[in-house]
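Enquirer: Pasting a structure here, questions to come.
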Amino acid sequence: MIGRRRLVADVVAVNEVSKTGRTIAQLAALVGATLEIPQGLDASRVVTGLNTVDRAIEGELTFVGSVKFARLLHATKALAAVVSNDVEIPAGNQHFITLRVKSADHAMITILELFADPESLPPVGVDPSARIDASASIAPGVRIGPFVSVGANAVIGADTALYSGVVIYQSVRLGDNCVLHSNSTVRERCVLGSRVILSSGVVIGTDGFGYRPTNDGSGMAKVPHIGNVVIDDDVEIGANSCIDRGEFGATRIGAGSKIDNLCQIGHNVEIGRLVVISGHTGIAGSTRIGDGCRIGGGCGISDHLVIGKGASFAARSGVMGDVPEGASWGGYPAQEFRQALREMAVIRKLPEWQRQLTQLLGPQKAP
Amino acid sequence: MIGRRRLVADVVAVNEVSKTGRTIAQLAALVGATLEIPQGLDASRVVTGLNTVDRAIEGELTFVGSVKFARLLHATKALAAVVSNDVEIPAGNQHFITLRVKSADHAMITILELFADPESLPPVGVDPSARIDASASIAPGVRIGPFVSVGANAVIGADTALYSGVVIYQSVRLGDNCVLHSNSTVRERCVLGSRVILSSGVVIGTDGFGYRPTNDGSGMAKVPHIGNVVIDDDVEIGANSCIDRGEFGATRIGAGSKIDNLCQIGHNVEIGRLVVISGHTGIAGSTRIGDGCRIGGGCGISDHLVIGKGASFAARSGVMGDVPEGASWGGYPAQEFRQALREMAVIRKLPEWQRQLTQLLGPQKAP
Amino acid sequence: MIGRRRLVADVVAVNEVSKTGRTIAQLAALVGATLEIPQGLDASRVVTGLNTVDRAIEGELTFVGSVKFARLLHATKALAAVVSNDVEIPAGNQHFITLRVKSADHAMITILELFADPESLPPVGVDPSARIDASASIAPGVRIGPFVSVGANAVIGADTALYSGVVIYQSVRLGDNCVLHSNSTVRERCVLGSRVILSSGVVIGTDGFGYRPTNDGSGMAKVPHIGNVVIDDDVEIGANSCIDRGEFGATRIGAGSKIDNLCQIGHNVEIGRLVVISGHTGIAGSTRIGDGCRIGGGCGISDHLVIGKGASFAARSGVMGDVPEGASWGGYPAQEFRQALREMAVIRKLPEWQRQLTQLLGPQKAP
């Protein structure tokens with residue numbers, strides 16, 4: 001068993017934020033759930049915390065949005081479970097209260113928001129240690145923490161929060177209600193819309209990776225990158241991810257797109273709206289990703305490609321060509337995912353084929 | 001269409017830096033171009049900006065260095081295009097001025113440098129908030145921004161710039177004219193040559209990843225890393241990349257080499273001169289990379305290998321053995337790239353083979 | 001030859017730390033070695049430094065723990081070599097002194113520790129520039145460098161060191177004797193045990209990557225992450241690696257585990273004790289990794305998996321299913337590694353098979 005031993009500090013820390021005093025009946029009302037209450041249980045009990053089916057302890061609430069988790073219910077210690085209407089609960093599970101809802105996932109967000117701590121943003125105002133250039137424009141309600149630098153002519157929108165160590169280069173424009181976590185950087189002239197979240201260590205607008213051999217062949221000249229990065233509203237970018245500035249023109253991230261940790265977006269890439277990109281993915285220069293694409297973890301997408309709207313990629317896809325709208329691709333080189341899976345299945349049979357071919361062709365010609 | 005909607009702020013920000021007042025004729029003279037001017041157009045017009053063939057707007061200049069981009073010229077709105085001599089312009093493109101040059105790529109660098117903002121380095125001097133150890137040696141012309149730490153016995157060369165939040169551990173030596181961007185770190189005793197650029201979040205000289213089981217088997221002992229990292233002149237390292245210090249002796253990056261974002265260079269790796277390493281690439285301990293190698297994105301190179309001069313690797317190569325000079329490899333396990341492509345092509349045929357073999361061998365023995 | 005040219009500064013920097021004044025005889029006594037001294041050499045000579053077999057210079061000591069390095073001994077310039085008992089030294093190597101030990105690797109750690117500089121931690125106390133919330137609890141012996149932020153209700157254990165630019169969010173608990181390098185971040189409510197090392201740029205407790213389509217389908221709602229990260233004693237995490245907080249409950253890293261640079265650990269992952277994870281590896285949400293697993297570089301492990309104790313994975317494995325205890329897997333999709341190698345070998349033969357099948361089936365039906 002992994003992780004059985006719980007640090008006391010851990011239990012305290014998590015429980016501190018889990019006490020809302022709400023009863024099962026109150027939470028059911030909140031999410032519009034129908035209650036199924038076994039004999040001897042009581043919806044007036046207070047929910048002490050939220051947890052996964054297998055980790056929940058006495059008094060906690062859990063969530064079941066798929067058959068996979070329903071199978072674990074027989075052993076749960078949870079007081080109650082929020083279960084999607086279309087998920088059947090295996091017979092004999094009379095030891096917890098069920099809150100039936102249309103979508104356990106959606107109900108979970110509502111309840112998580114209730115249990116979440118209020119975000120501990122830096123206080124409104126500018127920390128006295130922060131270094132704000134006199135030419136920068138700081139809107140009302142801004143929260144600037146210690147050791148933040150804001151360069152010349154930068155514009156910080158209303159209610160935007162900059163945590164400790166954030167560096168804003170000159171002529172950057174940040175919209176309203178952004179949250180930039182510790183030690184993230186926005187390089188010169190980049191533009192962020194409103195409600196953008198940068199996790200810690202994110203770097204926006206570093207120079208693209210472009211060099212040309214010098215005329216005398218003795219070295220490599222750096223290609224100047226006079227463009228910038230333009231990030232639209234409601235984008236979130238994960239910790240330590242990097243987005244290169246355009247060579248000329250902008251690298252663009254469309255509204256509502258979400259990029260996970262440790263991703264690399266090359267110069268002049270254009271990402272559409274509501275695109276989801278998982279961790280360790282790299283997208284090379286000038287490629288265009290259509291609206292609503294979903295890209296699994298560890299993918300690599302080559303440069304100058306056009307990826308159609310709504311395409312999805314399995315984790316670790318290596319994409320070397322254009323992709324049509326709505327396609328579901330995988331593998332390396334990436335192709336239609338069902339075909340990739342078929343190939344993987346056939347490859348598993350190759351050693352057996354080898355034996356058969358040897359019989360068929362005779363050992364002297366055998367492959 | 002992706003990214004059609006342009007934020008007003010974005011357009012302003014990019015255009016602010018694009019006004020040089022130069023005419024087409026002046027730019028042509030600057031790069032030694034021959035002008036081809038269609039009826040009704042005029043080389044005395046001022047170029048308002050630079051852009052890609054398909055994104056250029058009225059008044060802008062674009063660049064065509066390959067047939068691929070020449071094919072897009074019919075729809076360009078650019079006022080003028082710098083075109084390499086060996087690229088044929090498809091017939092019927094009379095709506096822009098052509099500047100013919102030997103290499104559009106080289107001309108582009110010259111013109112980009114003209115349009116680029118002067119780099120907004122921190123001002124000469126040491127920001128009053130910076131914490132410089134009394135034993136450190138700071139050369140003339142150094143530019144040290146806010147919240148920079150410089151440790152004991154460190155040496156900072158002439159005209160070197162350290163942006164906000166840079167951390168220099170003790171006994172580090174930086175050469176002249178280096179630029180270290182925000183929140184990058186150079187750990188104890190590492191040595192950088194001159195004109196080295198570290199992007200934001202780079203970590204030079206973190207401990208290598210080495211452990212040995214303890215004698216009693218109850219844990220793992222950390223192997224001390226008493227070596228350092230030695231980076232030669234004119235190296236550039238991309239955002240959030242990490243270079244481990246040597247166990248003993250140095251991890252080395254040769255002069256003029258360029259490393260992209262989010263790369264990992266293991267302890268005691270030795271990288272030659274003018275090597276180019278694209279994003280998300282990892283090189284494991286003690287491997288030696290010869291001069292002039294080119295390594296695509298997302299490659300992994302195993303430990304203790306010798307990679308010959310001038311070898312190149314396709315993106316996502318997994319290199320498990322030594323590689324001869326000048327080789328062009330790809331795939332996993334990496335091999336001669338043409339052979340890797342041949343295998344990929346045959347793999348695509350496997351499902352079809354399966355059908356044929358089933359006929360040939362009969363269903364009962366079919367693979 | 002790579003890296004032949006040595007910067008003067010480099011040699012100086014490394015040698016400065018390599019002078020302990022110990023003789024070969026003294027070092028032999030320290031590690032319990034048996035000495036083999038060729039004619040004309042002398043164990044009373046002082047060892048001037050440590051180096052690899054092929055890079056050692058006159059006066060230095062080297063280490064040979066395997067036949068691979070023994071083969072390089074004929075050309076070494078080292079004064080002496082520590083050699084494991086079970087490694088045969090090729091005949092004709094009379095030009096250096098041999099220190100025979102049970103394990104050259106273990107002897108190396110002992111000697112490296114002797115040659116290592118004392119770690120240059122920030123001085124005991126709190127740097128006047130650091131920003132410590134009045135409600136934080138700071139134990140005796142703590143070393144807090146410049147520009148460090150410590151949030152409300154945080155607890156910093158005895159003798160823990162925070163380098164320049166570290167950011168500790170509110171309600172974090174750090175144990176004793178931890179070392180957090182420059183610009184690393186621990187987000188709200190995360191818990192670290194004792195003797196934990198975070199390299200520069202590490203981010204602990206960033207929000208997990210979870211979104212759900214909004215009810216109206218127009219966007220994506222962020223799933224609140226009310227959990228935290230719990231890291232047990234003696235864990236070390238490499239530069240710029242990221243560990244997401246749990247959605248509810250904790251993401252856990254077990255005692256003594258070691259994670260390399262640029263790794264990504266998803267929300268609610270549970271990593272057991274003494275697990276070793278190499279660089280660029282990503283582990284997706286809720287997966288459980290058993291005690292003692294060893295994961296090579298660049299691996300990707302899918303979400304919600306159970307990986308048994310002691311399993312090991314070759315570099316670049318793509319793991320898509322549960323893995324039994326003690327298994328040795330590799331490839332993509334990962335499988336028993338010997339089987340993966342067998343497939344790779346057969347794939348190398350496919351172009352030859354194609355020729356043979358064409359003969360067999362006739363060109364018109366040939367695959």
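Simple scheme: letters A, B, ... for chains in structure tokens order, numbers from 1 for residues in each chain, numbers from 1 for ligands in the order shown.
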Which neighbours of Val319 (chain C) fall inside 8 Å, counting only C-alpha atoms, when residues of the same chain fewer than 5 positions from it are skipped, and could you give them as a list in words?

Expert: Cys299, Gly300, Ile301, Ser302, Tyr332, Pro333, Ala334 and Gln335 of chain C

Enquirer: Could you please take those selected residues and save all heavy atoms as a PDB file, in the first residue's frame?

Expert:
```
ATOM      1  N   CYS C 299       9.692   9.456 -19.641  1.00  0.00           N
ATOM      2  CA  CYS C 299       8.536   8.561 -19.615  1.00  0.00           C
ATOM      3  C   CYS C 299       7.238   9.355 -19.453  1.00  0.00           C
ATOM      4  O   CYS C 299       7.236  10.472 -18.925  1.00  0.00           O
ATOM      5  CB  CYS C 299       8.646   7.564 -18.466  1.00  0.00           C
ATOM      6  SG  CYS C 299       9.897   6.295 -18.727  1.00  0.00           S
ATOM      7  N   GLY C 300       6.152   8.759 -19.922  1.00  0.00           N
ATOM      8  CA  GLY C 300       4.827   9.303 -19.673  1.00  0.00           C
ATOM      9  C   GLY C 300       3.968   8.201 -19.106  1.00  0.00           C
ATOM     10  O   GLY C 300       3.898   7.105 -19.681  1.00  0.00           O
ATOM     11  N   ILE C 301       3.330   8.466 -17.991  1.00  0.00           N
ATOM     12  CA  ILE C 301       2.478   7.452 -17.357  1.00  0.00           C
ATOM     13  C   ILE C 301       1.077   8.019 -17.266  1.00  0.00           C
ATOM     14  O   ILE C 301       0.867   9.118 -16.752  1.00  0.00           O
ATOM     15  CB  ILE C 301       3.031   7.060 -15.969  1.00  0.00           C
ATOM     16  CG1 ILE C 301       4.476   6.546 -16.122  1.00  0.00           C
ATOM     17  CG2 ILE C 301       2.142   6.018 -15.296  1.00  0.00           C
ATOM     18  CD1 ILE C 301       5.100   6.010 -14.854  1.00  0.00           C
ATOM     19  N   SER C 302       0.139   7.264 -17.800  1.00  0.00           N
ATOM     20  CA  SER C 302      -1.241   7.734 -17.938  1.00  0.00           C
ATOM     21  C   SER C 302      -1.928   7.857 -16.574  1.00  0.00           C
ATOM     22  O   SER C 302      -1.364   7.482 -15.552  1.00  0.00           O
ATOM     23  CB  SER C 302      -1.980   6.755 -18.835  1.00  0.00           C
ATOM     24  OG  SER C 302      -3.108   7.345 -19.389  1.00  0.00           O
ATOM     25  N   TYR C 332       6.293   1.850 -26.231  1.00  0.00           N
ATOM     26  CA  TYR C 332       5.033   2.572 -26.267  1.00  0.00           C
ATOM     27  C   TYR C 332       4.092   1.872 -27.207  1.00  0.00           C
ATOM     28  O   TYR C 332       4.400   1.767 -28.391  1.00  0.00           O
ATOM     29  CB  TYR C 332       5.251   4.011 -26.728  1.00  0.00           C
ATOM     30  CG  TYR C 332       3.976   4.762 -27.009  1.00  0.00           C
ATOM     31  CD1 TYR C 332       3.125   5.092 -25.970  1.00  0.00           C
ATOM     32  CD2 TYR C 332       3.610   5.116 -28.305  1.00  0.00           C
ATOM     33  CE1 TYR C 332       1.942   5.770 -26.218  1.00  0.00           C
ATOM     34  CE2 TYR C 332       2.439   5.802 -28.554  1.00  0.00           C
ATOM     35  CZ  TYR C 332       1.609   6.116 -27.517  1.00  0.00           C
ATOM     36  OH  TYR C 332       0.440   6.785 -27.760  1.00  0.00           O
ATOM     37  N   PRO C 333       2.935   1.372 -26.790  1.00  0.00           N
ATOM     38  CA  PRO C 333       2.526   1.347 -25.382  1.00  0.00           C
ATOM     39  C   PRO C 333       3.457   0.411 -24.608  1.00  0.00           C
ATOM     40  O   PRO C 333       3.834  -0.639 -25.120  1.00  0.00           O
ATOM     41  CB  PRO C 333       1.108   0.780 -25.425  1.00  0.00           C
ATOM     42  CG  PRO C 333       0.754   0.633 -26.865  1.00  0.00           C
ATOM     43  CD  PRO C 333       1.977   0.720 -27.676  1.00  0.00           C
ATOM     44  N   ALA C 334       3.781   0.787 -23.385  1.00  0.00           N
ATOM     45  CA  ALA C 334       4.749   0.022 -22.615  1.00  0.00           C
ATOM     46  C   ALA C 334       4.267  -1.400 -22.370  1.00  0.00           C
ATOM     47  O   ALA C 334       3.076  -1.658 -22.205  1.00  0.00           O
ATOM     48  CB  ALA C 334       5.038   0.718 -21.284  1.00  0.00           C
ATOM     49  N   GLN C 335       5.212  -2.305 -22.356  1.00  0.00           N
ATOM     50  CA  GLN C 335       4.967  -3.723 -22.089  1.00  0.00           C
ATOM     51  C   GLN C 335       6.250  -4.295 -21.487  1.00  0.00           C
ATOM     52  O   GLN C 335       7.229  -3.578 -21.315  1.00  0.00           O
ATOM     53  CB  GLN C 335       4.635  -4.442 -23.389  1.00  0.00           C
ATOM     54  CG  GLN C 335       5.765  -4.321 -24.401  1.00  0.00           C
ATOM     55  CD  GLN C 335       5.511  -5.071 -25.691  1.00  0.00           C
ATOM     56  OE1 GLN C 335       4.855  -6.101 -25.680  1.00  0.00           O
ATOM     57  NE2 GLN C 335       6.018  -4.553 -26.792  1.00  0.00           N
TER      58      GLN C 335
END
```

Enquirer: Check every residue of chain C for an atom within 8 Å of chain B, counting only C-alpha atoms, and provide those that qualify as a short mmCIF file (atom, residue, chain, number, x, y, z; two decimals) with C-alpha atoms, in the first residue's frame.

Expert:
```cif
data_model
loop_
_atom_site.label_atom_id
_atom_site.label_comp_id
_atom_site.auth_asym_id
_atom_site.auth_seq_id
_atom_site.Cartn_x
_atom_site.Cartn_y
_atom_site.Cartn_z
CA MET C 1 37.67 16.45 -29.95
CA ILE C 2 35.03 18.20 -27.96
CA GLY C 3 35.77 20.75 -25.31
CA LEU C 7 38.87 28.25 -20.05
CA ALA C 9 38.75 30.41 -15.17
CA ASP C 10 37.24 26.94 -15.26
CA ALA C 13 37.38 27.32 -10.18
CA VAL C 14 37.41 23.53 -10.03
CA VAL C 17 37.80 23.13 -4.21
CA LEU C 50 39.14 13.82 -8.69
CA ASN C 51 38.20 13.14 -12.27
CA THR C 52 36.91 10.63 -14.79
CA ASP C 105 30.91 3.74 -6.33
CA HIS C 106 30.53 3.74 -2.56
CA ILE C 109 30.84 9.06 -2.41
CA LEU C 112 33.65 13.16 -2.95
CA GLU C 113 32.23 14.27 0.38
CA PHE C 115 36.58 17.01 -1.55
CA ALA C 116 33.25 18.84 -1.62
CA ASP C 117 33.04 22.44 -0.51
CA SER C 120 27.28 27.71 1.06
CA PRO C 146 17.19 37.90 0.38
CA PHE C 147 13.85 38.51 -1.34
CA SER C 164 17.04 34.04 -2.61
CA GLY C 165 13.64 34.49 -4.21
CA SER C 182 16.50 30.01 -5.52
CA ASN C 183 13.11 30.99 -6.89
CA SER C 199 16.15 22.71 -6.64
CA SER C 200 15.78 26.13 -8.22
CA GLY C 201 12.50 26.90 -9.94
CA GLY C 238 15.02 18.64 -9.48
CA ALA C 239 15.07 22.07 -11.05
CA ASN C 240 11.89 23.42 -12.61
CA GLY C 256 13.31 9.14 0.20
CA ASP C 260 14.86 14.77 -11.51
CA ASN C 261 14.59 18.09 -13.39
CA LEU C 262 11.60 19.16 -15.50
CA LEU C 274 12.38 5.42 -2.52
CA SER C 278 14.38 10.71 -14.22
CA GLY C 279 14.08 13.98 -16.11
CA HIS C 280 11.25 15.04 -18.40
CA GLY C 297 13.93 9.74 -18.52
CA GLY C 298 11.16 11.08 -20.71
CA ARG C 316 10.76 7.07 -22.97
CA MET C 344 11.99 -3.52 -32.06
CA ILE C 347 10.60 -4.19 -36.94
CA ARG C 348 14.17 -3.74 -38.18
CA LEU C 350 10.31 -5.52 -41.98
CA PRO C 351 11.77 -4.01 -45.17
CA GLN C 354 8.45 -6.92 -47.66
CA PRO C 367 1.69 -5.63 -49.71
#
```

Enquirer: Name the closest residue to Ala43 (chain B) among the candidates B:Ile97, B:Ala70, B:Ala136, B:Ala327; distances are taken between atoms, counting only C-alpha atoms.

Expert: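 When distances to Ala43 (chain B) are compared using only C-alpha atoms, the smallest one comes from B:Ile97.
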
Enquirer: Please identify the helix (DSSP H, G or I) residues within region 72-219 of chain B (assignment by DSSP from backbone atoms) and present them as number ranges by chain.

Expert: B: 73-75, 104-115

Enquirer: Near Ile307 (chain C), within 9 Å and counting only C-alpha atoms, which residues show up once chain neighbours fewer than 4 positions away are dropped, as a ChimeraX atom specification?

Expert: /C:287-290,293,311,321-325

Enquirer: Just to be explicit: take each residue in the selection above, keep C-alpha atoms, and write the result as a PDB file, in the first residue's frame.

Expert:
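Result file is result-v9.pdb:
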```
ATOM      1  CA  THR C 287      -1.868   7.321 -10.675  1.00  0.00           C
ATOM      2  CA  ARG C 288      -0.190   5.407  -7.844  1.00  0.00           C
ATOM      3  CA  ILE C 289       3.471   4.469  -8.066  1.00  0.00           C
ATOM      4  CA  GLY C 290       4.620   1.715  -5.682  1.00  0.00           C
ATOM      5  CA  CYS C 293       9.948   1.985  -8.654  1.00  0.00           C
ATOM      6  CA  ALA C 311       8.588  -1.843 -11.205  1.00  0.00           C
ATOM      7  CA  GLY C 321      -2.142   0.361 -18.216  1.00  0.00           C
ATOM      8  CA  ASP C 322      -1.556  -1.021 -14.741  1.00  0.00           C
ATOM      9  CA  VAL C 323       1.844  -2.615 -14.155  1.00  0.00           C
ATOM     10  CA  PRO C 324       2.522  -5.592 -11.845  1.00  0.00           C
ATOM     11  CA  GLU C 325       5.031  -5.517  -8.994  1.00  0.00           C
TER      12      GLU C 325
END
```
